Amino acid sequence: MIFVKRYLIPRLIAYFLVIWVGITVVFFIPRLTPNDPVMRMIGEMRARGANLEPGAMDGIISDLTEMYGLEGSWLDQYGAFWSRLVNGDFGVSFFQFPAPVNQLIGNALPWTLGLLLSTTAITWIIGNMVGGIAGYYTRRRWSRAMDAVAMVIRPLPYYIFAFALLLIFAYLVRWFPITGGASLGALPSFTWDYIRNVLWHSFLPAASLIVLGGTVTFQTMKLLVQNVNAESFVQYAKLGGVTEDRIVRKYIIRNAMLPQITGLALSFGQIFSGALITEIVFGYPGLGMLLYRAILNGDYNLIMGITILSIVGITTAILIVDLAYPLFDPRVRYV
Amino acid sequence: MRLLRDLFKDFRFTFSFVVLTIILMMALLSFFSPYDPTLWNVVPRDMRPSGTYLLGTDSNGQDIFWQATFAVRNSLVISLISGLVSRAIAILVGMVAGYKGGSVDRVLMFVGDSLLVIPLFLIFVMLALLVRQNMTLVTLGLMLAAFGWAWDARLIRSMVLSLREREFTKTAILSGTGTIKLVLKEYMPFTTPLVFSTLINNMSWAIGLEITLAILGLVNLNIPTLGTMLNWALFYQSILLGRWWWILTPVLLSLFVFIALYWMSVSVSEYLDPRTRIQRVGT
């Protein structure tokens, strides 16, 4: 019970507060811009050649007016905004007109989730393992070579790195497809052919996410292991004749892993943004591609839906990691 | 002088110093450009690199070398505005939160942590979509600055928290130093190295985000930056048409800028950290 009172409830309050701050920022963005957001968006749609019937246009205008305030005081607007969100109503998309935003996001979500979950898990495990070993044998030549490679890859932004991979492996040597999540005309099914097709298409996007994210994990883990390695309990274990293998696995890695768990939770937002950008580069049919098409068509509703959904998704993921933390750290006990 | 000599012992510092000097000179060259960067068709289109057109010309009829000088300058301006303004916010928030403590601290840090968690890229997309038509270098820089301070404010706060417990703080307070003077005169020097290395990181982040937003077409495409150059090159399918000189110019320039900025920040902060300095300089 103390666990609930001391830890769970404050943590849940923080969780809802973060979501509240995020969505409030989203609420204020169209209102802080100098020009009328509704007319601005209509203009944006017209400029991109969206041809809608007059009736449909009126519907959109009233929809937008309701969605982006402009009726009643800010407080009223804020209340109306929330009551729509709580009902899970993000409005309709403009560029695929009658389709609700929810449905479009629902179609794209499995692709993004599949890519994101698998690459994050692989990145974290490989990055920590390699970083841990390289940190223990920090004076070896291969450890230094890896350091040098990491120093070059680490500063590159997702777009530039993904684009460089695309240029080299899809245009220059043509090992992988340039765009898409599966070959055109391939029917989704649980056959080996289809799965292989999907894996082949997702190789480059996944590789770019894993290499770029893994470099960061590698560097931080290496530093952590170097620090733990200098601690007196490790020296003592060495003097006491504990085998090296056991020291690395049981003492060093386990201790260095803990900050990495918190680090993973904190970087979810960045990883997610990176995945969206990577999807755009490789034309992968997930949320990133949906976002890209929404931007090209000035589809504000859809962008807002994606943003709000990702705020909720990311904070929830962080909450789960936080709540699972005691499983990894035996010192944390809420009894 | 001693400081510079020690810094130049590090290969990474020398490399980034040389690269950044060249980049800076390129940016300054833009003031002597024979062409107006906003005009199209001032030179023949799609020429390969040659003596007359150092890096060739593009499909808009612009000279790529001179266009690149403007691009570098504008990207640097955006990143400097973003870096300096967000540093000001980070110092203010970090110092106030760290020194005041209590509920002020909790509220400020909560806002900062929320910004860390929220996918900022999407927030920028929403903002840029709405202000794109009136977007200038300054507005873009300020936009990035408004969201780019959270992590660094946290670092400064934790530094001030530990400084507050030191002996000299009590001496200063007991001898009647005011809060503002104490923070500015006594604490600022301690945070300066941190502010400098985070400034470089923030600049690199700002350039990267500008490129990403520009490729999505979310900035004013008539202002040449590294991002908008890349956008035009992609728009005209320069890869498929084999116009490598056009696409490679912004890609390679940005690669060098990112690596140079990162190496400089790592090298300088390693130098400022006494533990790693001993390993390196040996004194």
# chains A, B, ... in the order shown; residues from 1 in each chain; ligands from 1
>>> interface_residues(of="chain B", to="chain A", cutoff="8 Å", atoms="only C-alpha atoms", output="VMD selection string")
chain B and resid 111 114 to 123 126 to 127 129 to 131 204 to 205 208 212 216 to 217 251 255 258 to 259 262 to 263
>>> write_last_selection(atoms="C-alpha atoms", output="PDB file, in the first residue's frame")
ATOM      1  CA  VAL B 111       7.862  22.446 -17.522  1.00  0.00           C
ATOM      2  CA  SER B 114       7.688  18.033 -20.142  1.00  0.00           C
ATOM      3  CA  LEU B 115       9.515  19.680 -23.041  1.00  0.00           C
ATOM      4  CA  LEU B 116      12.099  16.912 -22.922  1.00  0.00           C
ATOM      5  CA  VAL B 117       9.473  14.233 -23.150  1.00  0.00           C
ATOM      6  CA  ILE B 118       7.230  15.739 -25.828  1.00  0.00           C
ATOM      7  CA  PRO B 119       8.260  14.928 -29.430  1.00  0.00           C
ATOM      8  CA  LEU B 120       9.441  18.442 -30.271  1.00  0.00           C
ATOM      9  CA  PHE B 121       9.824  17.654 -33.948  1.00  0.00           C
ATOM     10  CA  LEU B 122       6.033  17.396 -34.276  1.00  0.00           C
ATOM     11  CA  ILE B 123       5.507  20.643 -32.368  1.00  0.00           C
ATOM     12  CA  MET B 126       2.755  22.362 -36.439  1.00  0.00           C
ATOM     13  CA  LEU B 127       4.299  25.756 -35.727  1.00  0.00           C
ATOM     14  CA  LEU B 129       3.054  24.974 -41.014  1.00  0.00           C
ATOM     15  CA  LEU B 130       1.223  27.976 -39.589  1.00  0.00           C
ATOM     16  CA  VAL B 131       3.952  30.628 -39.784  1.00  0.00           C
ATOM     17  CA  SER B 204      24.270  21.639 -34.099  1.00  0.00           C
ATOM     18  CA  TRP B 205      20.757  20.614 -33.061  1.00  0.00           C
ATOM     19  CA  GLY B 208      19.836  19.658 -38.017  1.00  0.00           C
ATOM     20  CA  THR B 212      14.717  18.468 -41.524  1.00  0.00           C
ATOM     21  CA  LEU B 216       9.611  18.851 -45.564  1.00  0.00           C
ATOM     22  CA  GLY B 217       9.116  22.246 -47.203  1.00  0.00           C
ATOM     23  CA  VAL B 251      25.110  16.970 -47.912  1.00  0.00           C
ATOM     24  CA  LEU B 255      28.296  16.434 -42.657  1.00  0.00           C
ATOM     25  CA  PHE B 258      27.999  18.467 -37.721  1.00  0.00           C
ATOM     26  CA  ILE B 259      31.168  16.509 -37.158  1.00  0.00           C
ATOM     27  CA  TYR B 262      30.501  17.865 -32.168  1.00  0.00           C
ATOM     28  CA  TRP B 263      34.240  17.260 -32.013  1.00  0.00           C
TER      29      TRP B 263
END
>>> residues_around(residues="Asn301 in chain A", least_positions_apart="3", cutoff="8 Å", atoms="only C-alpha atoms", output="list in words")
Phe90, Gly91, Val92, Ser93, Phe94, Val101, Met304 and Gly305 of chain A
>>> write_last_selection(atoms="C-alpha atoms", output="PDB file, in the first residue's frame")
ATOM      1  CA  PHE A  90      -9.659  14.183 -33.792  1.00  0.00           C
ATOM      2  CA  GLY A  91     -11.916  15.372 -36.599  1.00  0.00           C
ATOM      3  CA  VAL A  92     -11.671  14.388 -40.229  1.00  0.00           C
ATOM      4  CA  SER A  93      -8.705  14.467 -42.537  1.00  0.00           C
ATOM      5  CA  PHE A  94      -8.775  16.993 -45.370  1.00  0.00           C
ATOM      6  CA  VAL A 101      -8.074  11.033 -38.611  1.00  0.00           C
ATOM      7  CA  MET A 304      -2.530  17.494 -34.678  1.00  0.00           C
ATOM      8  CA  GLY A 305      -3.951  13.997 -34.278  1.00  0.00           C
TER       9      GLY A 305
END
>>> closest_residue(among="B:Ser238, B:Ser197, B:Leu174, B:Leu213", to="Ser267 in chain B", atoms="only C-alpha atoms")
B:Ser197
>>> residues_around(residues="Met109 in chain B", least_positions_apart="3", cutoff="9 Å", atoms="only C-alpha atoms", output="MDAnalysis selection string")
chainID B and resid 93:94 97 104:106 112:114 150 153:154
>>> residues_around(residues="range 202-217 of chain A", least_positions_apart="4", cutoff="8 Å", atoms="only C-alpha atoms", output="ChimeraX atom specification")
/A:115,119-120,122-124,126-128,131,150,153-154,158,161-162,165-166,176,181,198,221,260,271,274-275,278-279,282,284
>>> write_last_selection(atoms="N, CA and C atoms", output="JSON list (two decimals), in the first residue's frame")
[["chain", "number", "residue", "atom", "x", "y", "z"],
["A", 115, "LEU", "N", 8.34, -1.20, -36.49],
["A", 115, "LEU", "CA", 9.70, -0.71, -36.73],
["A", 115, "LEU", "C", 10.32, -0.19, -35.44],
["A", 119, "THR", "N", 13.40, -1.99, -33.41],
["A", 119, "THR", "CA", 14.70, -1.33, -33.47],
["A", 119, "THR", "C", 15.12, -0.81, -32.10],
["A", 120, "THR", "N", 14.17, -0.31, -31.29],
["A", 120, "THR", "CA", 14.56, 0.19, -29.98],
["A", 120, "THR", "C", 15.13, -0.94, -29.12],
["A", 122, "ILE", "N", 16.50, -3.81, -30.16],
["A", 122, "ILE", "CA", 17.79, -4.25, -30.68],
["A", 122, "ILE", "C", 18.88, -3.22, -30.35],
["A", 123, "THR", "N", 18.54, -1.93, -30.57],
["A", 123, "THR", "CA", 19.50, -0.86, -30.31],
["A", 123, "THR", "C", 19.98, -0.91, -28.87],
["A", 124, "TRP", "N", 19.02, -1.04, -27.96],
["A", 124, "TRP", "CA", 19.37, -0.97, -26.55],
["A", 124, "TRP", "C", 20.23, -2.15, -26.13],
["A", 126, "ILE", "N", 22.07, -4.33, -28.10],
["A", 126, "ILE", "CA", 23.38, -4.37, -28.76],
["A", 126, "ILE", "C", 24.26, -3.22, -28.26],
["A", 127, "GLY", "N", 23.68, -2.01, -28.20],
["A", 127, "GLY", "CA", 24.46, -0.85, -27.76],
["A", 127, "GLY", "C", 25.06, -1.06, -26.39],
["A", 128, "ASN", "N", 24.26, -1.61, -25.47],
["A", 128, "ASN", "CA", 24.76, -1.82, -24.12],
["A", 128, "ASN", "C", 25.79, -2.93, -24.03],
["A", 131, "GLY", "N", 28.95, -1.64, -25.87],
["A", 131, "GLY", "CA", 29.50, -0.54, -25.08],
["A", 131, "GLY", "C", 30.11, -1.04, -23.79],
["A", 150, "ALA", "N", 32.28, 5.88, -33.65],
["A", 150, "ALA", "CA", 31.15, 6.50, -32.95],
["A", 150, "ALA", "C", 31.26, 8.02, -32.99],
["A", 153, "ILE", "N", 29.75, 9.11, -36.30],
["A", 153, "ILE", "CA", 28.32, 8.88, -36.55],
["A", 153, "ILE", "C", 27.45, 9.68, -35.58],
["A", 154, "ARG", "N", 27.91, 9.79, -34.33],
["A", 154, "ARG", "CA", 27.10, 10.37, -33.28],
["A", 154, "ARG", "C", 26.47, 11.75, -33.62],
["A", 158, "TYR", "N", 19.17, 12.48, -37.81],
["A", 158, "TYR", "CA", 18.52, 11.33, -38.43],
["A", 158, "TYR", "C", 18.37, 11.48, -39.93],
["A", 161, "PHE", "N", 21.78, 11.09, -41.89],
["A", 161, "PHE", "CA", 22.32, 9.74, -41.82],
["A", 161, "PHE", "C", 21.50, 8.77, -42.67],
["A", 162, "ALA", "N", 20.16, 8.83, -42.51],
["A", 162, "ALA", "CA", 19.30, 7.95, -43.28],
["A", 162, "ALA", "C", 19.47, 8.21, -44.78],
["A", 165, "LEU", "N", 22.65, 6.65, -46.07],
["A", 165, "LEU", "CA", 22.49, 5.20, -46.27],
["A", 165, "LEU", "C", 21.70, 4.91, -47.53],
["A", 166, "LEU", "N", 20.64, 5.70, -47.75],
["A", 166, "LEU", "CA", 19.80, 5.50, -48.93],
["A", 166, "LEU", "C", 20.62, 5.72, -50.20],
["A", 176, "PHE", "N", 19.15, -2.72, -51.76],
["A", 176, "PHE", "CA", 17.86, -2.65, -51.08],
["A", 176, "PHE", "C", 16.92, -1.75, -51.86],
["A", 181, "GLY", "N", 7.06, -0.10, -47.94],
["A", 181, "GLY", "CA", 7.12, -1.03, -46.82],
["A", 181, "GLY", "C", 7.05, -2.46, -47.29],
["A", 198, "VAL", "N", 8.65, -7.84, -46.46],
["A", 198, "VAL", "CA", 8.57, -6.73, -45.51],
["A", 198, "VAL", "C", 9.92, -6.51, -44.82],
["A", 221, "MET", "N", 27.17, 3.93, -22.45],
["A", 221, "MET", "CA", 27.45, 2.70, -21.70],
["A", 221, "MET", "C", 28.96, 2.54, -21.48],
["A", 260, "GLN", "N", 21.17, 3.51, -17.71],
["A", 260, "GLN", "CA", 20.79, 3.33, -19.11],
["A", 260, "GLN", "C", 19.29, 3.13, -19.26],
["A", 271, "ILE", "N", 13.72, 9.31, -30.01],
["A", 271, "ILE", "CA", 13.72, 8.11, -30.84],
["A", 271, "ILE", "C", 12.49, 8.12, -31.73],
["A", 274, "GLY", "N", 12.86, 10.60, -34.47],
["A", 274, "GLY", "CA", 13.82, 10.06, -35.41],
["A", 274, "GLY", "C", 13.18, 9.01, -36.31],
["A", 275, "ALA", "N", 12.33, 8.16, -35.73],
["A", 275, "ALA", "CA", 11.68, 7.13, -36.52],
["A", 275, "ALA", "C", 10.77, 7.76, -37.57],
["A", 278, "THR", "N", 13.00, 9.04, -40.33],
["A", 278, "THR", "CA", 13.55, 7.93, -41.10],
["A", 278, "THR", "C", 12.50, 7.34, -42.03],
["A", 279, "GLU", "N", 11.28, 7.21, -41.53],
["A", 279, "GLU", "CA", 10.21, 6.69, -42.39],
["A", 279, "GLU", "C", 10.00, 7.58, -43.61],
["A", 282, "PHE", "N", 12.74, 6.90, -46.22],
["A", 282, "PHE", "CA", 12.64, 5.62, -46.92],
["A", 282, "PHE", "C", 11.24, 5.34, -47.45],
["A", 284, "TYR", "N", 8.61, 4.69, -45.89],
["A", 284, "TYR", "CA", 8.05, 3.56, -45.15],
["A", 284, "TYR", "C", 6.63, 3.92, -44.71]]
>>> select_by_dssp(residues="range 211-241 of chain B", states="helix (DSSP H, G or I)", output="ChimeraX atom specification")
/B:211-215,226-235
>>> residues_around(residues="Pro250 in chain B", least_positions_apart="6", cutoff="8 Å", atoms="only C-alpha atoms", output="ChimeraX atom specification")
/B:68,226-227,229-230
>>> closest_residue(among="B:Glu186, B:Leu3, B:Leu252, B:Phe13", to="Thr171 in chain B", atoms="only C-alpha atoms")
B:Glu186
>>> residues_around(residues="Pro193 in chain B", least_positions_apart="6", cutoff="10 Å", atoms="only C-alpha atoms", output="PyMOL selection string")
chain B and resi 199+268-269+272-273
>>> closest_residue(among="B:Ile223, B:Leu240, B:Ile91, B:Val257", to="Val183 in chain B", atoms="only C-alpha atoms")
B:Ile91
>>> closest_residue(among="B:Leu55, B:Leu140, B:Met188, B:Leu7", to="Met159 in chain B", atoms="only C-alpha atoms")
B:Met188
>>> atom_distance(atom1="CA of Leu142 in chain B", atom2="CA of Ala206 in chain B")
10.4 Å
>>> residues_around(residues="Arg132 in chain B", least_positions_apart="4", cutoff="8 Å", atoms="only C-alpha atoms", output="PDB file with N, CA and C atoms, in the first residue's frame")
ATOM      1  N   ALA B 128       5.593  25.491 -37.744  1.00  0.00           N
ATOM      2  CA  ALA B 128       6.127  25.945 -39.025  1.00  0.00           C
ATOM      3  C   ALA B 128       5.040  25.975 -40.084  1.00  0.00           C
ATOM      4  N   LEU B 218       8.898  23.142 -44.953  1.00  0.00           N
ATOM      5  CA  LEU B 218       8.211  23.907 -43.911  1.00  0.00           C
ATOM      6  C   LEU B 218       8.877  25.232 -43.586  1.00  0.00           C
ATOM      7  N   VAL B 219       9.873  25.653 -44.381  1.00  0.00           N
ATOM      8  CA  VAL B 219      10.468  26.964 -44.153  1.00  0.00           C
ATOM      9  C   VAL B 219      10.346  27.750 -45.460  1.00  0.00           C
ATOM     10  N   ASN B 220      10.752  28.996 -45.409  1.00  0.00           N
ATOM     11  CA  ASN B 220      10.712  29.803 -46.615  1.00  0.00           C
ATOM     12  C   ASN B 220      11.799  29.326 -47.578  1.00  0.00           C
TER      13      ASN B 220
END
>>> atom_distance(atom1="CA of Pro110 in chain A", atom2="CA of Trp200 in chain A")
17.0 Å
>>> atom_distance(atom1="CA of Ser62 in chain A", atom2="CA of Phe124 in chain B")
25.8 Å
